[in-house]
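Engineer: Below: one structure in structure tokens.
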Amino acid sequence: MGRACGRLAPRLGPAPDGGRACGPPESSSWQRRGSSLKPATESSSTPAAPRRGAWVPQALIWVGIALAAVMSGVFLYRAATGYLLDVGVFRDAGRAFAEGWGLYGEDFPSRSGFAFLYPPFAALLFVPLTWVGETAMQVLWTIATIAAIYAILAMAATRLGARRPAFIAAGLSGPALAIEPIVSHMFFGQINVFLMLLVAVDVLGFTPHRLRGVGIGVAAGIKITPAAYAIVYLVRRDWGGVWRSAGAFFVTALIGAATAPEQAWRFWTEEFFILDRAGGPGFPPNQAITGPLTRAGMDPDLAAAIMGPGLIVFALLAMWAAYRLLAAGRRVETMLVTVLAVSLSAPVAVTHHWAGIIVAFPLLFLARDTIVRVAAGIVGIVNLVPFYEVYDDEQAEFAFQPLQWLVGNLQSFAGLAAFVLLLVAARRAAAPPLREFFSSPAPTPAEK
């Protein structure tokens, strides 16, 4: 806090961005009660107080807004004149659900020939896509996606203590819309941004206390992967949040089973266990670790087998980092480190699956921790270019060619480097020893 912290003012707790703050003990996310450390009281709906330095030059914001306008125009033009493959499949699924047709395998009436990969509950949510014409649907889907990106950035900027989070988020939307994962996402009409919006509301603490965890649970009910973000509640020992996440997920599964029992049975007993239904690990846009391993010449099955234990390692590291970062009140860093862990350790994570990395942009401009800003910069800059295009999409086998391998997997390597840097930032964060997690009583609801 610079001069605001005089010699007589004690430096007590970590600021939300990882710096040091002055104030009463409650300014820290953790406070000492007796002999143990427990989370301090936190209002999930109250924005962080503005901090000195939590700002972006106004000229830069206007440049970002101009870029956002240009990118939005490009995406809306494509939505109005082209064909968005994935949302087209979602529309087919909504129609199949409404008509009582099959959702999987040869029974699925796919106009594009591509399969539907999600549970029946997702198909139920896609029914409204059939209520308007194809072009109108694509345009509305694109507008909603842009709005969701803005909402995520605004929440992250608020949590980082930005003075004018709505204005700053508008500027940050420019580079966020320009990175390859989002460009790919928009050109396909993907759903991942909407899932990240549900996750962000929970992870960044904007969900009302009684509903904490529901966003993650519903997102997991649409696509299983977001269930990983429940670690935010697990490492805080917020058992209510854990149970609400699980409960919301099971409710979505029950809704799917009640409305389409045969399709639900097929999904949960067959389709769910087909790990390569989204494509093989060698597919160049796959930037999960299985991708670089396969493109180095490794057998795809061996790469998948290696990343079985690898997934556990990433999960444990992400939980450790989340424990320390959340203890320091650093929710946005927690979200980014979890996004990277999930994306890197997945069996397959093509670039638009990495949509959650947009939270790197608020961190790049608003975080005080230099390590965090470097990590965010690496992620943001490298993902501006689709480096994987040095490979042929139709290539079936790969021989290790060092330069091609290095360039074609840069998005994966950048994600791994940023993940390691965020682990370093977590290690430096002010947090109680891990033994306190196991030895002290669980926090009461008022302390969460």
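Each chain in the structure tokens gets a letter, A, B, ..., in the order shown, and its residues are numbered from 1; ligands are numbered from 1 in order too.
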Excluding same-chain residues fewer than 5 positions from Arg331 of chain A, what lies within 8 Å of it counting only C-alpha atoms, as JSON, numbers by chain?
Structural biologist: {"A": [16, 159, 203, 204, 205, 325, 326]}
Engineer: Taking N, CA and C atoms for each residue, export the selection above as an mmCIF file, in the first residue's frame.
Structural biologist:
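Now in out-v2.cif:
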data_model
loop_
_atom_site.group_PDB
_atom_site.id
_atom_site.type_symbol
_atom_site.label_atom_id
_atom_site.label_comp_id
_atom_site.auth_asym_id
_atom_site.auth_seq_id
_atom_site.Cartn_x
_atom_site.Cartn_y
_atom_site.Cartn_z
ATOM 1 N N PRO A 16 -5.555 -8.782 -2.101
ATOM 2 C CA PRO A 16 -6.162 -9.728 -3.025
ATOM 3 C C PRO A 16 -5.280 -10.108 -4.188
ATOM 4 N N ARG A 159 -12.716 -8.582 -8.847
ATOM 5 C CA ARG A 159 -12.018 -9.312 -7.792
ATOM 6 C C ARG A 159 -10.578 -8.827 -7.630
ATOM 7 N N VAL A 203 -16.279 -19.652 -8.761
ATOM 8 C CA VAL A 203 -14.876 -19.572 -8.355
ATOM 9 C C VAL A 203 -14.503 -18.158 -7.913
ATOM 10 N N LEU A 204 -15.027 -17.163 -8.600
ATOM 11 C CA LEU A 204 -14.688 -15.780 -8.274
ATOM 12 C C LEU A 204 -15.564 -15.207 -7.167
ATOM 13 N N GLY A 205 -16.467 -16.018 -6.649
ATOM 14 C CA GLY A 205 -17.206 -15.626 -5.455
ATOM 15 C C GLY A 205 -18.365 -14.687 -5.677
ATOM 16 N N LEU A 325 -3.408 -20.041 -2.719
ATOM 17 C CA LEU A 325 -3.886 -18.811 -3.348
ATOM 18 C C LEU A 325 -5.200 -18.338 -2.736
ATOM 19 N N LEU A 326 -6.098 -19.264 -2.460
ATOM 20 C CA LEU A 326 -7.364 -18.873 -1.836
ATOM 21 C C LEU A 326 -7.144 -18.365 -0.420
#
Engineer: May I have the residues within 12 Å of Arg111 of chain A as JSON, numbers by chain, using only C-alpha atoms and disregarding those fewer than 6 positions away in the same chain?
Structural biologist: {"A": [83, 85, 86, 87, 88, 89, 90, 91, 92, 93, 95, 96]}
Engineer: Print the selection's residues with N, CA and C atoms to a file, as a short mmCIF file (atom, residue, chain, number, x, y, z; two decimals), in the first residue's frame.
Structural biologist:
data_model
loop_
_atom_site.label_atom_id
_atom_site.label_comp_id
_atom_site.auth_asym_id
_atom_site.auth_seq_id
_atom_site.Cartn_x
_atom_site.Cartn_y
_atom_site.Cartn_z
N TYR A 83 -21.39 -20.97 -41.61
CA TYR A 83 -21.98 -22.08 -40.86
C TYR A 83 -21.11 -22.37 -39.65
N LEU A 85 -20.21 -24.84 -37.09
CA LEU A 85 -20.38 -26.30 -37.05
C LEU A 85 -20.93 -26.80 -35.72
N ASP A 86 -20.31 -26.41 -34.62
CA ASP A 86 -20.66 -27.02 -33.34
C ASP A 86 -22.05 -26.61 -32.86
N VAL A 87 -22.39 -25.34 -32.97
CA VAL A 87 -23.73 -24.95 -32.55
C VAL A 87 -24.77 -25.55 -33.49
N GLY A 88 -24.36 -25.86 -34.71
CA GLY A 88 -25.25 -26.59 -35.61
C GLY A 88 -25.54 -27.98 -35.09
N VAL A 89 -24.51 -28.64 -34.55
CA VAL A 89 -24.70 -29.95 -33.93
C VAL A 89 -25.59 -29.82 -32.69
N PHE A 90 -25.39 -28.75 -31.91
CA PHE A 90 -26.23 -28.54 -30.73
C PHE A 90 -27.69 -28.36 -31.15
N ARG A 91 -27.91 -27.65 -32.24
CA ARG A 91 -29.28 -27.47 -32.75
C ARG A 91 -29.87 -28.81 -33.17
N ASP A 92 -29.06 -29.63 -33.83
CA ASP A 92 -29.52 -30.97 -34.21
C ASP A 92 -29.89 -31.78 -32.97
N ALA A 93 -29.09 -31.65 -31.92
CA ALA A 93 -29.37 -32.39 -30.68
C ALA A 93 -30.66 -31.89 -30.04
N ARG A 95 -33.21 -30.60 -31.58
CA ARG A 95 -34.32 -31.10 -32.39
C ARG A 95 -34.55 -32.59 -32.12
N ALA A 96 -33.46 -33.36 -32.05
CA ALA A 96 -33.59 -34.79 -31.79
C ALA A 96 -34.24 -35.04 -30.43
#
Engineer: Between atom CA of Leu103 of chain A and atom CA of Gly279 of chain A, what distance in Å does the model show, to one decimal?
Structural biologist: 18.3 Å
Engineer: Just the residues within 10 Å of Val183 of chain A, please, counting only C-alpha atoms, with nothing from its chain fewer than 3 positions along; format it as a list of chain:residue names.
Structural biologist: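 Near Val183 of chain A, the qualifying residues are A:Met71, A:Val74, A:Phe75, A:Ala176, A:Leu177, A:Ala178, A:Ile179, A:Glu180, A:Met186, A:Phe187, A:Phe188, A:Gly189, A:Thr351, A:His352, A:Ala355, A:Leu384, A:Pro386.
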Engineer: What does the file look like for those residues with N, CA and C atoms, as a PDB file, in the first residue's frame?
Structural biologist:
ATOM      1  N   MET A  71     -13.221  -7.347 -33.737  1.00  0.00           N
ATOM      2  CA  MET A  71     -13.354  -8.798 -33.625  1.00  0.00           C
ATOM      3  C   MET A  71     -14.821  -9.206 -33.552  1.00  0.00           C
ATOM      4  N   VAL A  74     -16.236  -9.167 -36.990  1.00  0.00           N
ATOM      5  CA  VAL A  74     -15.801 -10.342 -37.759  1.00  0.00           C
ATOM      6  C   VAL A  74     -16.633 -11.561 -37.385  1.00  0.00           C
ATOM      7  N   PHE A  75     -16.807 -11.769 -36.088  1.00  0.00           N
ATOM      8  CA  PHE A  75     -17.546 -12.945 -35.632  1.00  0.00           C
ATOM      9  C   PHE A  75     -19.022 -12.874 -36.030  1.00  0.00           C
ATOM     10  N   ALA A 176      -8.846 -10.478 -25.479  1.00  0.00           N
ATOM     11  CA  ALA A 176      -9.471 -11.766 -25.166  1.00  0.00           C
ATOM     12  C   ALA A 176     -10.159 -12.351 -26.396  1.00  0.00           C
ATOM     13  N   LEU A 177     -10.820 -11.510 -27.174  1.00  0.00           N
ATOM     14  CA  LEU A 177     -11.494 -11.987 -28.386  1.00  0.00           C
ATOM     15  C   LEU A 177     -10.516 -12.314 -29.507  1.00  0.00           C
ATOM     16  N   ALA A 178      -9.273 -11.842 -29.386  1.00  0.00           N
ATOM     17  CA  ALA A 178      -8.294 -12.019 -30.467  1.00  0.00           C
ATOM     18  C   ALA A 178      -7.446 -13.274 -30.315  1.00  0.00           C
ATOM     19  N   ILE A 179      -7.437 -13.903 -29.140  1.00  0.00           N
ATOM     20  CA  ILE A 179      -6.585 -15.081 -28.978  1.00  0.00           C
ATOM     21  C   ILE A 179      -7.173 -16.265 -29.741  1.00  0.00           C
ATOM     22  N   GLU A 180      -6.294 -17.153 -30.175  1.00  0.00           N
ATOM     23  CA  GLU A 180      -6.713 -18.261 -31.032  1.00  0.00           C
ATOM     24  C   GLU A 180      -7.791 -19.142 -30.406  1.00  0.00           C
ATOM     25  N   MET A 186     -15.341 -19.130 -31.483  1.00  0.00           N
ATOM     26  CA  MET A 186     -16.385 -18.358 -32.146  1.00  0.00           C
ATOM     27  C   MET A 186     -16.676 -18.893 -33.550  1.00  0.00           C
ATOM     28  N   PHE A 187     -15.654 -19.310 -34.263  1.00  0.00           N
ATOM     29  CA  PHE A 187     -15.858 -19.808 -35.621  1.00  0.00           C
ATOM     30  C   PHE A 187     -16.612 -21.139 -35.628  1.00  0.00           C
ATOM     31  N   PHE A 188     -16.462 -21.915 -34.567  1.00  0.00           N
ATOM     32  CA  PHE A 188     -17.186 -23.180 -34.468  1.00  0.00           C
ATOM     33  C   PHE A 188     -18.541 -23.023 -33.780  1.00  0.00           C
ATOM     34  N   GLY A 189     -18.727 -21.938 -33.029  1.00  0.00           N
ATOM     35  CA  GLY A 189     -19.950 -21.800 -32.241  1.00  0.00           C
ATOM     36  C   GLY A 189     -19.936 -22.749 -31.064  1.00  0.00           C
ATOM     37  N   THR A 351      -7.812 -26.407 -28.897  1.00  0.00           N
ATOM     38  CA  THR A 351      -7.566 -25.052 -28.411  1.00  0.00           C
ATOM     39  C   THR A 351      -8.806 -24.357 -27.867  1.00  0.00           C
ATOM     40  N   HIS A 352      -9.980 -24.570 -28.469  1.00  0.00           N
ATOM     41  CA  HIS A 352     -11.149 -23.860 -27.949  1.00  0.00           C
ATOM     42  C   HIS A 352     -11.593 -24.394 -26.593  1.00  0.00           C
ATOM     43  N   ALA A 355     -10.678 -21.999 -23.423  1.00  0.00           N
ATOM     44  CA  ALA A 355     -11.316 -20.678 -23.406  1.00  0.00           C
ATOM     45  C   ALA A 355     -11.151 -19.959 -22.075  1.00  0.00           C
ATOM     46  N   LEU A 384      -2.073 -15.895 -29.191  1.00  0.00           N
ATOM     47  CA  LEU A 384      -2.549 -15.031 -30.267  1.00  0.00           C
ATOM     48  C   LEU A 384      -2.373 -15.675 -31.640  1.00  0.00           C
ATOM     49  N   PRO A 386      -2.109 -19.326 -34.030  1.00  0.00           N
ATOM     50  CA  PRO A 386      -2.379 -20.770 -34.092  1.00  0.00           C
ATOM     51  C   PRO A 386      -1.151 -21.550 -34.552  1.00  0.00           C
TER      52      PRO A 386
END
Engineer: Sorted by chain and rising residue number, which residues of segment 143-239 of chain A lie within 12 Å of segment 281-301 of chain A, and what are their closest atom pairs and distances in Å to one decimal, counting only C-alpha atoms, as JSON lines?
Structural biologist:
{"residue": "A:Glu180", "atom": "CA", "partner": "A:Pro285", "partner_atom": "CA", "distance": 10.4}
{"residue": "A:Pro181", "atom": "CA", "partner": "A:Pro285", "partner_atom": "CA", "distance": 9.6}
{"residue": "A:Ser184", "atom": "CA", "partner": "A:Pro285", "partner_atom": "CA", "distance": 9.9}
{"residue": "A:His185", "atom": "CA", "partner": "A:Pro285", "partner_atom": "CA", "distance": 12.0}
Engineer: So how many Å separate atom CA of Ala169 of chain A and atom CA of Trp62 of chain A, to one decimal?
Structural biologist: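 Between atom CA of Ala169 of chain A and atom CA of Trp62 of chain A the gap is 10.9 Å.
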Engineer: List as a list in words the protein and nucleic acid residues near Ile274 of chain A, meaning an atom at most 12 Å away when only C-alpha atoms are counted, but skip any in the same chain fewer than 4 places from it.
Structural biologist: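 Surrounding residues, per the criterion: Gly105, Leu117, Tyr118, Arg266, Phe267, Trp268, Thr269, Glu270, Ala278, Gly279, Gly280, Pro347 and Val348 of chain A.
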Engineer: Leaving out Ala200 of chain A and any residue of its chain fewer than 3 positions from it, which residues lie within 9 Å of it when counting only C-alpha atoms, given as a PDB file with C-alpha atoms, in the first residue's frame?
Structural biologist:
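Below you can see around_20.pdb, which holds the result:
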ATOM      1  CA  ILE A 152     -16.088 -13.120 -16.984  1.00  0.00           C
ATOM      2  CA  MET A 155     -15.922 -10.302 -12.556  1.00  0.00           C
ATOM      3  CA  ALA A 156     -12.172 -10.947 -12.645  1.00  0.00           C
ATOM      4  CA  LEU A 195     -19.450 -23.191 -19.087  1.00  0.00           C
ATOM      5  CA  MET A 196     -16.611 -20.951 -17.921  1.00  0.00           C
ATOM      6  CA  LEU A 197     -19.153 -18.248 -17.078  1.00  0.00           C
ATOM      7  CA  VAL A 203     -14.876 -19.572  -8.355  1.00  0.00           C
ATOM      8  CA  LEU A 204     -14.688 -15.780  -8.274  1.00  0.00           C
ATOM      9  CA  GLY A 205     -17.206 -15.626  -5.455  1.00  0.00           C
ATOM     10  CA  PHE A 206     -20.216 -13.938  -7.056  1.00  0.00           C
ATOM     11  CA  GLY A 215     -22.827 -23.093 -11.155  1.00  0.00           C
ATOM     12  CA  ILE A 216     -20.024 -25.657 -11.209  1.00  0.00           C
ATOM     13  CA  VAL A 332      -8.492 -15.033 -10.140  1.00  0.00           C
ATOM     14  CA  MET A 335      -9.136 -19.877 -11.555  1.00  0.00           C
ATOM     15  CA  GLY A 356     -10.918 -20.090 -19.664  1.00  0.00           C
TER      16      GLY A 356
END
